[in-house]
file protein.tsv (TSV, N, CA and C atoms)
chain	number	residue	atom	x	y	z
A	747	MET	N	123.31	102.51	116.23
A	747	MET	CA	123.27	101.60	115.11
A	747	MET	C	124.67	101.11	114.80
A	748	LEU	N	124.74	99.96	114.22
A	748	LEU	CA	126.02	99.36	113.90
A	748	LEU	C	126.41	99.70	112.48
A	749	LEU	N	127.36	100.60	112.32
A	749	LEU	CA	127.86	100.99	111.00
A	749	LEU	C	126.74	101.34	110.04
A	750	GLY	N	125.68	101.91	110.56
A	750	GLY	CA	124.57	102.32	109.71
A	750	GLY	C	123.57	101.21	109.40
A	751	VAL	N	123.76	100.02	109.93
A	751	VAL	CA	122.83	98.92	109.68
A	751	VAL	C	121.54	99.20	110.45
A	752	ARG	N	120.44	99.23	109.72
A	752	ARG	CA	119.15	99.51	110.36
A	752	ARG	C	118.23	98.30	110.34
A	753	ALA	N	118.53	97.32	109.47
A	753	ALA	CA	117.70	96.11	109.37
A	753	ALA	C	118.56	94.96	108.87
A	754	VAL	N	118.14	93.75	109.22
A	754	VAL	CA	118.78	92.52	108.74
A	754	VAL	C	117.68	91.62	108.21
A	755	ILE	N	117.90	91.05	107.02
A	755	ILE	CA	116.94	90.12	106.44
A	755	ILE	C	117.57	88.74	106.44
A	756	ALA	N	116.88	87.76	107.01
A	756	ALA	CA	117.40	86.39	107.10
A	756	ALA	C	116.29	85.39	106.79
A	757	GLU	N	116.69	84.15	106.52
A	757	GLU	CA	115.71	83.08	106.28
A	757	GLU	C	115.05	82.66	107.58
A	758	SER	N	115.80	82.69	108.68
A	758	SER	CA	115.25	82.35	110.00
A	758	SER	C	116.16	82.95	111.06
A	759	TYR	N	115.68	82.95	112.29
A	759	TYR	CA	116.44	83.51	113.41
A	759	TYR	C	116.37	82.57	114.60
A	760	GLU	N	117.49	82.43	115.28
A	760	GLU	CA	117.48	81.87	116.62
A	760	GLU	C	116.95	83.00	117.51
A	761	ARG	N	116.23	82.66	118.55
A	761	ARG	CA	115.64	83.68	119.41
A	761	ARG	C	116.69	84.67	119.91
A	762	ILE	N	117.84	84.19	120.34
A	762	ILE	CA	118.84	85.07	120.92
A	762	ILE	C	119.41	86.05	119.89
A	763	HIS	N	119.57	85.60	118.65
A	763	HIS	CA	120.10	86.50	117.61
A	763	HIS	C	119.08	87.59	117.27
A	764	ARG	N	117.83	87.20	117.15
A	764	ARG	CA	116.76	88.17	116.87
A	764	ARG	C	116.66	89.17	118.01
A	765	SER	N	116.69	88.68	119.23
A	765	SER	CA	116.59	89.53	120.41
A	765	SER	C	117.80	90.48	120.51
A	766	ASN	N	118.99	90.00	120.17
A	766	ASN	CA	120.18	90.86	120.20
A	766	ASN	C	120.08	91.98	119.16
A	767	LEU	N	119.56	91.68	117.98
A	767	LEU	CA	119.37	92.73	116.97
A	767	LEU	C	118.44	93.81	117.50
A	768	ILE	N	117.32	93.41	118.05
A	768	ILE	CA	116.36	94.37	118.59
A	768	ILE	C	117.00	95.18	119.70
A	769	GLY	N	117.78	94.51	120.55
A	769	GLY	CA	118.46	95.20	121.64
A	769	GLY	C	119.42	96.28	121.15
A	770	MET	N	119.91	96.13	119.93
A	770	MET	CA	120.80	97.13	119.33
A	770	MET	C	120.04	98.11	118.44
A	771	GLY	N	118.71	97.97	118.39
A	771	GLY	CA	117.92	98.88	117.58
A	771	GLY	C	117.89	98.53	116.10
A	772	VAL	N	118.24	97.28	115.77
A	772	VAL	CA	118.25	96.82	114.38
A	772	VAL	C	116.99	95.99	114.13
A	773	LEU	N	116.31	96.28	113.04
A	773	LEU	CA	115.04	95.62	112.71
A	773	LEU	C	115.28	94.23	112.09
A	774	PRO	N	114.83	93.15	112.75
A	774	PRO	CA	114.97	91.81	112.17
A	774	PRO	C	113.81	91.51	111.22
A	775	LEU	N	114.14	91.22	109.98
A	775	LEU	CA	113.15	90.88	108.96
A	775	LEU	C	113.44	89.47	108.48
A	776	GLN	N	112.37	88.76	108.13
A	776	GLN	CA	112.52	87.37	107.68
A	776	GLN	C	111.88	87.20	106.32
A	777	PHE	N	112.63	86.55	105.41
A	777	PHE	CA	112.07	86.25	104.09
A	777	PHE	C	110.77	85.45	104.25
A	778	ALA	N	109.86	85.61	103.31
A	778	ALA	CA	108.63	84.81	103.29
A	778	ALA	C	109.01	83.34	103.08
A	779	ALA	N	108.13	82.45	103.49
A	779	ALA	CA	108.38	81.02	103.34
A	779	ALA	C	108.74	80.69	101.90
A	780	GLY	N	109.81	79.94	101.73
A	780	GLY	CA	110.24	79.51	100.40
A	780	GLY	C	111.10	80.52	99.66
A	781	ALA	N	111.24	81.71	100.21
A	781	ALA	CA	112.07	82.73	99.56
A	781	ALA	C	113.39	82.87	100.31
A	782	ASN	N	114.42	83.23	99.58
A	782	ASN	CA	115.72	83.56	100.17
A	782	ASN	C	116.48	84.43	99.18
A	783	ALA	N	117.67	84.83	99.56
A	783	ALA	CA	118.46	85.72	98.70
A	783	ALA	C	118.69	85.08	97.33
A	784	GLN	N	119.00	83.82	97.31
A	784	GLN	CA	119.28	83.13	96.04
A	784	GLN	C	118.04	83.07	95.16
A	785	SER	N	116.91	82.68	95.72
A	785	SER	CA	115.69	82.54	94.91
A	785	SER	C	115.21	83.89	94.36
A	786	LEU	N	115.54	84.97	95.07
A	786	LEU	CA	115.14	86.31	94.62
A	786	LEU	C	116.19	86.96	93.72
A	787	GLY	N	117.35	86.31	93.59
A	787	GLY	CA	118.41	86.86	92.76
A	787	GLY	C	119.15	88.01	93.40
A	788	LEU	N	119.27	87.98	94.73
A	788	LEU	CA	119.96	89.05	95.46
A	788	LEU	C	121.43	88.70	95.68
A	789	SER	N	122.28	89.69	95.53
A	789	SER	CA	123.71	89.48	95.77
A	789	SER	C	124.16	90.09	97.09
A	790	GLY	N	123.38	91.02	97.64
A	790	GLY	CA	123.77	91.74	98.83
A	790	GLY	C	124.40	93.09	98.51
A	791	ARG	N	124.63	93.35	97.24
A	791	ARG	CA	125.23	94.62	96.82
A	791	ARG	C	124.18	95.64	96.38
A	792	GLU	N	122.93	95.27	96.43
A	792	GLU	CA	121.84	96.16	96.04
A	792	GLU	C	121.66	97.26	97.09
A	793	SER	N	120.97	98.32	96.71
A	793	SER	CA	120.51	99.28	97.72
A	793	SER	C	119.11	98.82	98.12
A	794	TYR	N	118.83	98.91	99.41
A	794	TYR	CA	117.59	98.38	99.95
A	794	TYR	C	116.74	99.49	100.54
A	795	GLU	N	115.45	99.40	100.25
A	795	GLU	CA	114.48	100.33	100.84
A	795	GLU	C	113.38	99.48	101.47
A	796	ILE	N	113.04	99.81	102.70
A	796	ILE	CA	111.97	99.09	103.41
A	796	ILE	C	110.75	100.00	103.43
A	797	THR	N	109.65	99.52	102.88
A	797	THR	CA	108.42	100.30	102.86
A	797	THR	C	107.34	99.52	103.59
A	798	GLY	N	106.31	100.22	103.98
A	798	GLY	CA	105.19	99.56	104.64
A	798	GLY	C	105.47	99.18	106.08
A	799	PHE	N	106.60	99.62	106.63
A	799	PHE	CA	106.90	99.36	108.03
A	799	PHE	C	106.44	100.57	108.81
A	800	HIS	N	105.40	100.38	109.62
A	800	HIS	CA	104.80	101.49	110.35
A	800	HIS	C	104.99	101.30	111.85
A	801	GLY	N	106.22	101.06	112.25
A	801	GLY	CA	106.53	100.90	113.66
A	801	GLY	C	106.57	99.46	114.10
A	802	PRO	N	106.98	99.24	115.35
A	802	PRO	CA	107.21	97.89	115.85
A	802	PRO	C	105.97	97.00	115.95
A	803	ASP	N	104.78	97.56	115.77
A	803	ASP	CA	103.57	96.74	115.78
A	803	ASP	C	103.29	96.11	114.42
A	804	ALA	N	104.03	96.52	113.39
A	804	ALA	CA	103.84	95.98	112.04
A	804	ALA	C	104.20	94.50	112.02
A	805	ARG	N	103.47	93.73	111.26
A	805	ARG	CA	103.73	92.30	111.14
A	805	ARG	C	104.48	91.97	109.85
A	806	SER	N	104.40	92.87	108.86
A	806	SER	CA	105.10	92.64	107.60
A	806	SER	C	105.54	93.97	107.02
A	807	ALA	N	106.39	93.88	106.02
A	807	ALA	CA	106.89	95.06	105.31
A	807	ALA	C	107.25	94.62	103.90
A	808	VAL	N	107.51	95.58	103.05
A	808	VAL	CA	107.94	95.29	101.68
A	808	VAL	C	109.35	95.83	101.51
A	809	VAL	N	110.22	95.04	100.90
A	809	VAL	CA	111.58	95.45	100.63
A	809	VAL	C	111.72	95.62	99.12
A	810	VAL	N	112.35	96.72	98.73
A	810	VAL	CA	112.68	96.95	97.32
A	810	VAL	C	114.20	96.98	97.25
A	811	ALA	N	114.78	95.98	96.59
A	811	ALA	CA	116.22	95.88	96.42
A	811	ALA	C	116.55	96.31	94.99
A	812	THR	N	117.39	97.32	94.86
A	812	THR	CA	117.71	97.85	93.54
A	812	THR	C	119.18	97.62	93.23
A	813	PRO	N	119.46	96.75	92.25
A	813	PRO	CA	120.85	96.53	91.84
A	813	PRO	C	121.39	97.74	91.07
A	814	ALA	N	122.71	97.87	91.00
A	814	ALA	CA	123.32	99.00	90.30
A	814	ALA	C	122.85	99.06	88.84
A	815	SER	N	122.75	97.92	88.21
A	815	SER	CA	122.26	97.90	86.83
A	815	SER	C	121.17	96.84	86.74
A	816	GLY	N	119.94	97.29	86.70
A	816	GLY	CA	118.85	96.34	86.61
A	816	GLY	C	117.58	96.88	87.22
A	817	ASN	N	116.57	96.07	87.15
A	817	ASN	CA	115.26	96.44	87.67
A	817	ASN	C	115.16	96.13	89.15
A	818	PRO	N	114.41	96.94	89.89
A	818	PRO	CA	114.21	96.69	91.32
A	818	PRO	C	113.53	95.33	91.56
A	819	ILE	N	113.93	94.71	92.64
A	819	ILE	CA	113.35	93.43	93.06
A	819	ILE	C	112.52	93.73	94.30
A	820	ARG	N	111.24	93.44	94.23
A	820	ARG	CA	110.31	93.77	95.32
A	820	ARG	C	109.84	92.47	95.96
A	821	PHE	N	109.90	92.41	97.31
A	821	PHE	CA	109.44	91.20	98.00
A	821	PHE	C	108.95	91.55	99.40
A	822	GLU	N	108.07	90.70	99.90
A	822	GLU	CA	107.49	90.91	101.23
A	822	GLU	C	108.32	90.15	102.27
A	823	VAL	N	108.44	90.75	103.45
A	823	VAL	CA	109.15	90.13	104.56
A	823	VAL	C	108.28	90.19	105.81
A	824	ARG	N	108.60	89.33	106.73
A	824	ARG	CA	107.91	89.29	108.02
A	824	ARG	C	108.75	90.07	109.03
A	825	VAL	N	108.11	90.96	109.77
A	825	VAL	CA	108.78	91.70	110.84
A	825	VAL	C	108.85	90.78	112.05
A	826	ARG	N	110.07	90.57	112.58
A	826	ARG	CA	110.25	89.62	113.68
A	826	ARG	C	110.47	90.31	115.02
A	827	ILE	N	109.58	91.23	115.34
A	827	ILE	CA	109.52	91.79	116.69
A	827	ILE	C	108.36	91.07	117.34
A	828	ASP	N	108.67	90.05	118.14
A	828	ASP	CA	107.66	89.07	118.54
A	828	ASP	C	107.00	89.29	119.89
A	829	THR	N	107.61	90.05	120.78
A	829	THR	CA	107.04	90.18	122.13
A	829	THR	C	106.78	91.65	122.46
A	830	PRO	N	105.91	91.91	123.42
A	830	PRO	CA	105.65	93.29	123.83
A	830	PRO	C	106.92	94.00	124.33
A	831	LYS	N	107.77	93.31	125.07
A	831	LYS	CA	109.00	93.92	125.58
A	831	LYS	C	109.93	94.28	124.43
A	832	GLU	N	110.03	93.41	123.41
A	832	GLU	CA	110.85	93.72	122.24
A	832	GLU	C	110.31	94.94	121.51
A	833	ARG	N	109.00	95.07	121.41
A	833	ARG	CA	108.40	96.25	120.77
A	833	ARG	C	108.78	97.52	121.53
A	834	GLU	N	108.75	97.42	122.85
A	834	GLU	CA	109.11	98.56	123.68
A	834	GLU	C	110.58	98.94	123.48
A	835	TYR	N	111.47	97.95	123.49
A	835	TYR	CA	112.90	98.22	123.26
A	835	TYR	C	113.11	98.86	121.89
A	836	PHE	N	112.45	98.31	120.87
A	836	PHE	CA	112.65	98.82	119.52
A	836	PHE	C	112.14	100.25	119.39
A	837	ARG	N	111.01	100.56	120.02
A	837	ARG	CA	110.47	101.93	119.98
A	837	ARG	C	111.48	102.95	120.51
A	838	HIS	N	112.30	102.52	121.46
A	838	HIS	CA	113.29	103.41	122.07
A	838	HIS	C	114.62	103.40	121.33
A	839	GLY	N	114.76	102.57	120.31
A	839	GLY	CA	116.02	102.50	119.56
A	839	GLY	C	116.99	101.47	120.09
A	840	GLY	N	116.52	100.59	120.96
A	840	GLY	CA	117.36	99.53	121.53
A	840	GLY	C	117.28	99.52	123.04
A	841	ILE	N	117.94	98.55	123.63
A	841	ILE	CA	117.84	98.38	125.08
A	841	ILE	C	118.59	99.47	125.84
A	842	LEU	N	119.75	99.91	125.34
A	842	LEU	CA	120.50	100.94	126.05
A	842	LEU	C	119.73	102.26	126.12
A	843	PRO	N	119.21	102.77	124.99
A	843	PRO	CA	118.40	103.99	125.11
A	843	PRO	C	117.16	103.80	126.01
A	844	PHE	N	116.57	102.60	125.96
A	844	PHE	CA	115.42	102.30	126.82
A	844	PHE	C	115.80	102.43	128.30
A	845	VAL	N	116.91	101.79	128.68
A	845	VAL	CA	117.34	101.80	130.08
A	845	VAL	C	117.73	103.22	130.51
A	846	LEU	N	118.44	103.94	129.64
A	846	LEU	CA	118.82	105.31	129.97
A	846	LEU	C	117.61	106.20	130.17
A	847	ARG	N	116.59	106.03	129.34
A	847	ARG	CA	115.37	106.83	129.52
A	847	ARG	C	114.67	106.45	130.82
A	848	GLN	N	114.69	105.15	131.14
A	848	GLN	CA	114.08	104.72	132.41
A	848	GLN	C	114.81	105.36	133.59
A	849	LEU	N	116.15	105.34	133.55
A	849	LEU	CA	116.93	105.93	134.63
A	849	LEU	C	116.73	107.43	134.71
A	850	ALA	N	116.68	108.11	133.58
A	850	ALA	CA	116.46	109.55	133.56
A	850	ALA	C	115.10	109.89	134.15
A	851	GLY	N	114.10	109.08	133.84
A	851	GLY	CA	112.75	109.30	134.37
A	851	GLY	C	112.69	109.08	135.86
A	852	GLN	N	113.44	108.10	136.37
A	852	GLN	CA	113.46	107.84	137.81
A	852	GLN	C	114.17	108.93	138.57
A	853	SER	N	115.25	109.48	137.98
A	853	SER	CA	116.00	110.51	138.71
A	853	SER	C	115.19	111.80	138.80
A	854	ARG	N	114.36	112.09	137.81
A	854	ARG	CA	113.51	113.28	137.86
A	854	ARG	C	112.38	113.10	138.86
A	855	ALA	N	111.94	111.87	139.04
A	855	ALA	CA	110.82	111.61	139.95
A	855	ALA	C	111.27	111.64	141.41
A	856	ALA	N	112.56	111.45	141.65
A	856	ALA	CA	113.07	111.38	143.04
A	856	ALA	C	113.18	112.74	143.69

call {"tool": "encode", "arguments": {"input": "protein.tsv", "output": "structure tokens"}}
result
Amino acid sequence: MLLGVRAVIAESYERIHRSNLIGMGVLPLQFAAGANAQSLGLSGRESYEITGFHGPDARSAVVVATPASGNPIRFEVRVRIDTPKEREYFRHGGILPFVLRQLAGQSRAA
């Protein structure tokens, strides 16, 4: 993981950016249509909890953003793991752990 980052929430993703996040084991989440950090009143300094994410087959999740002083902000996001190969990479924690497990499995079979 990158400095403890486990998920990124964005308004949209270019395919390569989304794919790179998954390759690093970071969960790409997308705001619901019409929502963004500004419309939800998010500053980025909140603590974030992702609930309702039950693995890479999930299509949506709920984020609870809690500011230091204030009420939690709850909103739904779309999980952007779009292809079967991306799901497989994410299950393994990213592309590097996936490849290492593949190589380890091949060396035992030889």

call {"tool": "closest_residue", "arguments": {"input": "protein.tsv", "among": "A:Gly816, A:Gly771, A:Gly840, A:Gly780", "to": "Ser793 (chain A)", "atoms": "only C-alpha atoms"}}
result
A:Gly816

call {"tool": "atom_distance", "arguments": {"input": "protein.tsv", "atom1": "atom N of Thr812 (chain A)", "atom2": "CA of Asn766 (chain A)"}}
result
26.3 Å

call {"tool": "atom_distance", "arguments": {"input": "protein.tsv", "atom1": "atom C of Arg752 (chain A)", "atom2": "atom C of Gln848 (chain A)"}}
result
24.5 Å

call {"tool": "closest_residue", "arguments": {"input": "protein.tsv", "among": "A:Ile768, A:Val751, A:Ile819, A:Leu846", "to": "Leu786 (chain A)", "atoms": "only N, CA and C atoms"}}
result
A:Ile819

call {"tool": "residues_around", "arguments": {"input": "protein.tsv", "residues": "Arg791 (chain A)", "least_positions_apart": "6", "cutoff": "8 Å", "atoms": "all atoms listed in the file", "output": "ChimeraX atom specification"}}
result
/A:811-814

call {"tool": "atom_distance", "arguments": {"input": "protein.tsv", "atom1": "CA of Gly790 (chain A)", "atom2": "atom C of Asp803 (chain A)"}}
result
26.1 Å

call {"tool": "select_by_dssp", "arguments": {"input": "protein.tsv", "residues": "region 794-840 of chain A", "states": "alpha helix (DSSP H)", "output": "ChimeraX atom specification"}}
result
/A:830-837

call {"tool": "select_by_dssp", "arguments": {"input": "protein.tsv", "residues": "chain A", "states": "strand (DSSP E or B)", "output": "JSON, numbers by chain"}}
result
{"A": [748, 751, 753, 754, 755, 756, 773, 774, 775, 776, 777, 793, 794, 795, 796, 797, 806, 807, 808, 809, 810, 811, 812, 819, 820, 821, 822, 823, 824, 825]}

call {"tool": "residues_around", "arguments": {"input": "protein.tsv", "residues": "Ala807 (chain A)", "least_positions_apart": "5", "cutoff": "6.5 Å", "atoms": "only N, CA and C atoms", "output": "ChimeraX atom specification"}}
result
/A:796-799,821-825

call {"tool": "closest_residue", "arguments": {"input": "protein.tsv", "among": "A:Ala804, A:Ile762, A:Val810, A:Ile827", "to": "Leu775 (chain A)", "atoms": "all atoms listed in the file"}}
result
A:Ile827

call {"tool": "decode", "arguments": {"input": "protein.tsv", "residues": "region 834-845 of chain A", "atoms": "all heavy atoms", "output": "PDB file, in the first residue's frame"}}
result
ATOM      1  N   GLU A 834      -9.262 -10.157  -9.953  1.00  0.00           N
ATOM      2  CA  GLU A 834      -8.249 -11.126  -9.552  1.00  0.00           C
ATOM      3  C   GLU A 834      -7.031 -10.415  -8.945  1.00  0.00           C
ATOM      4  O   GLU A 834      -6.530 -10.811  -7.896  1.00  0.00           O
ATOM      5  CB  GLU A 834      -7.837 -11.962 -10.770  1.00  0.00           C
ATOM      6  CG  GLU A 834      -7.074 -13.192 -10.429  1.00  0.00           C
ATOM      7  CD  GLU A 834      -6.896 -14.096 -11.644  1.00  0.00           C
ATOM      8  OE1 GLU A 834      -7.409 -13.805 -12.742  1.00  0.00           O
ATOM      9  OE2 GLU A 834      -6.198 -15.108 -11.475  1.00  0.00           O
ATOM     10  N   TYR A 835      -6.556  -9.354  -9.594  1.00  0.00           N
ATOM     11  CA  TYR A 835      -5.418  -8.590  -9.063  1.00  0.00           C
ATOM     12  C   TYR A 835      -5.755  -8.030  -7.684  1.00  0.00           C
ATOM     13  O   TYR A 835      -4.953  -8.106  -6.763  1.00  0.00           O
ATOM     14  CB  TYR A 835      -5.045  -7.438  -9.985  1.00  0.00           C
ATOM     15  CG  TYR A 835      -4.411  -7.838 -11.298  1.00  0.00           C
ATOM     16  CD1 TYR A 835      -4.418  -6.972 -12.374  1.00  0.00           C
ATOM     17  CD2 TYR A 835      -3.796  -9.076 -11.477  1.00  0.00           C
ATOM     18  CE1 TYR A 835      -3.837  -7.310 -13.586  1.00  0.00           C
ATOM     19  CE2 TYR A 835      -3.225  -9.426 -12.683  1.00  0.00           C
ATOM     20  CZ  TYR A 835      -3.246  -8.534 -13.738  1.00  0.00           C
ATOM     21  OH  TYR A 835      -2.670  -8.880 -14.932  1.00  0.00           O
ATOM     22  N   PHE A 836      -6.951  -7.466  -7.543  1.00  0.00           N
ATOM     23  CA  PHE A 836      -7.322  -6.842  -6.275  1.00  0.00           C
ATOM     24  C   PHE A 836      -7.424  -7.882  -5.163  1.00  0.00           C
ATOM     25  O   PHE A 836      -7.017  -7.625  -4.030  1.00  0.00           O
ATOM     26  CB  PHE A 836      -8.631  -6.054  -6.404  1.00  0.00           C
ATOM     27  CG  PHE A 836      -8.877  -5.173  -5.212  1.00  0.00           C
ATOM     28  CD1 PHE A 836      -8.252  -3.943  -5.095  1.00  0.00           C
ATOM     29  CD2 PHE A 836      -9.701  -5.591  -4.189  1.00  0.00           C
ATOM     30  CE1 PHE A 836      -8.443  -3.142  -3.986  1.00  0.00           C
ATOM     31  CE2 PHE A 836      -9.908  -4.806  -3.063  1.00  0.00           C
ATOM     32  CZ  PHE A 836      -9.270  -3.575  -2.968  1.00  0.00           C
ATOM     33  N   ARG A 837      -7.962  -9.054  -5.471  1.00  0.00           N
ATOM     34  CA  ARG A 837      -8.054 -10.132  -4.469  1.00  0.00           C
ATOM     35  C   ARG A 837      -6.690 -10.483  -3.890  1.00  0.00           C
ATOM     36  O   ARG A 837      -6.572 -10.873  -2.741  1.00  0.00           O
ATOM     37  CB  ARG A 837      -8.646 -11.396  -5.109  1.00  0.00           C
ATOM     38  CG  ARG A 837     -10.109 -11.480  -5.048  1.00  0.00           C
ATOM     39  CD  ARG A 837     -10.616 -12.862  -5.469  1.00  0.00           C
ATOM     40  NE  ARG A 837     -12.037 -12.760  -5.686  1.00  0.00           N
ATOM     41  CZ  ARG A 837     -12.615 -12.506  -6.856  1.00  0.00           C
ATOM     42  NH1 ARG A 837     -11.884 -12.365  -7.935  1.00  0.00           N
ATOM     43  NH2 ARG A 837     -13.919 -12.405  -6.954  1.00  0.00           N
ATOM     44  N   HIS A 838      -5.653 -10.357  -4.707  1.00  0.00           N
ATOM     45  CA  HIS A 838      -4.294 -10.701  -4.285  1.00  0.00           C
ATOM     46  C   HIS A 838      -3.566  -9.517  -3.655  1.00  0.00           C
ATOM     47  O   HIS A 838      -2.417  -9.657  -3.242  1.00  0.00           O
ATOM     48  CB  HIS A 838      -3.486 -11.217  -5.480  1.00  0.00           C
ATOM     49  CG  HIS A 838      -3.891 -12.591  -5.890  1.00  0.00           C
ATOM     50  ND1 HIS A 838      -3.326 -13.728  -5.359  1.00  0.00           N
ATOM     51  CD2 HIS A 838      -4.835 -13.020  -6.758  1.00  0.00           C
ATOM     52  CE1 HIS A 838      -3.890 -14.794  -5.884  1.00  0.00           C
ATOM     53  NE2 HIS A 838      -4.819 -14.396  -6.743  1.00  0.00           N
ATOM     54  N   GLY A 839      -4.181  -8.343  -3.625  1.00  0.00           N
ATOM     55  CA  GLY A 839      -3.530  -7.165  -3.048  1.00  0.00           C
ATOM     56  C   GLY A 839      -2.749  -6.346  -4.047  1.00  0.00           C
ATOM     57  O   GLY A 839      -1.984  -5.466  -3.683  1.00  0.00           O
ATOM     58  N   GLY A 840      -2.935  -6.615  -5.333  1.00  0.00           N
ATOM     59  CA  GLY A 840      -2.248  -5.870  -6.388  1.00  0.00           C
ATOM     60  C   GLY A 840      -1.567  -6.817  -7.353  1.00  0.00           C
ATOM     61  O   GLY A 840      -1.555  -8.038  -7.167  1.00  0.00           O
ATOM     62  N   ILE A 841      -0.982  -6.239  -8.387  1.00  0.00           N
ATOM     63  CA  ILE A 841      -0.394  -7.065  -9.442  1.00  0.00           C
ATOM     64  C   ILE A 841       0.899  -7.744  -8.990  1.00  0.00           C
ATOM     65  O   ILE A 841       1.160  -8.895  -9.344  1.00  0.00           O
ATOM     66  CB  ILE A 841      -0.195  -6.260 -10.744  1.00  0.00           C
ATOM     67  CG1 ILE A 841       0.036  -7.217 -11.909  1.00  0.00           C
ATOM     68  CG2 ILE A 841       0.893  -5.234 -10.607  1.00  0.00           C
ATOM     69  CD1 ILE A 841      -0.120  -6.594 -13.263  1.00  0.00           C
ATOM     70  N   LEU A 842       1.721  -7.063  -8.186  1.00  0.00           N
ATOM     71  CA  LEU A 842       2.970  -7.675  -7.740  1.00  0.00           C
ATOM     72  C   LEU A 842       2.721  -8.914  -6.875  1.00  0.00           C
ATOM     73  O   LEU A 842       3.278  -9.983  -7.167  1.00  0.00           O
ATOM     74  CB  LEU A 842       3.852  -6.659  -7.009  1.00  0.00           C
ATOM     75  CG  LEU A 842       5.218  -7.182  -6.568  1.00  0.00           C
ATOM     76  CD1 LEU A 842       6.034  -7.708  -7.747  1.00  0.00           C
ATOM     77  CD2 LEU A 842       5.982  -6.095  -5.835  1.00  0.00           C
ATOM     78  N   PRO A 843       1.868  -8.823  -5.844  1.00  0.00           N
ATOM     79  CA  PRO A 843       1.582 -10.050  -5.085  1.00  0.00           C
ATOM     80  C   PRO A 843       0.960 -11.153  -5.956  1.00  0.00           C
ATOM     81  O   PRO A 843       1.246 -12.333  -5.774  1.00  0.00           O
ATOM     82  CB  PRO A 843       0.598  -9.592  -4.003  1.00  0.00           C
ATOM     83  CG  PRO A 843       0.818  -8.126  -3.875  1.00  0.00           C
ATOM     84  CD  PRO A 843       1.233  -7.665  -5.238  1.00  0.00           C
ATOM     85  N   PHE A 844       0.130 -10.749  -6.929  1.00  0.00           N
ATOM     86  CA  PHE A 844      -0.472 -11.721  -7.849  1.00  0.00           C
ATOM     87  C   PHE A 844       0.608 -12.468  -8.630  1.00  0.00           C
ATOM     88  O   PHE A 844       0.622 -13.698  -8.684  1.00  0.00           O
ATOM     89  CB  PHE A 844      -1.434 -11.005  -8.808  1.00  0.00           C
ATOM     90  CG  PHE A 844      -1.961 -11.893  -9.901  1.00  0.00           C
ATOM     91  CD1 PHE A 844      -3.013 -12.760  -9.655  1.00  0.00           C
ATOM     92  CD2 PHE A 844      -1.405 -11.860 -11.166  1.00  0.00           C
ATOM     93  CE1 PHE A 844      -3.501 -13.586 -10.661  1.00  0.00           C
ATOM     94  CE2 PHE A 844      -1.880 -12.684 -12.175  1.00  0.00           C
ATOM     95  CZ  PHE A 844      -2.932 -13.549 -11.918  1.00  0.00           C
ATOM     96  N   VAL A 845       1.536 -11.717  -9.215  1.00  0.00           N
ATOM     97  CA  VAL A 845       2.595 -12.325 -10.027  1.00  0.00           C
ATOM     98  C   VAL A 845       3.503 -13.195  -9.161  1.00  0.00           C
ATOM     99  O   VAL A 845       3.874 -14.301  -9.549  1.00  0.00           O
ATOM    100  CB  VAL A 845       3.409 -11.241 -10.772  1.00  0.00           C
ATOM    101  CG1 VAL A 845       4.662 -11.816 -11.411  1.00  0.00           C
ATOM    102  CG2 VAL A 845       2.535 -10.570 -11.822  1.00  0.00           C
TER     103      VAL A 845
END
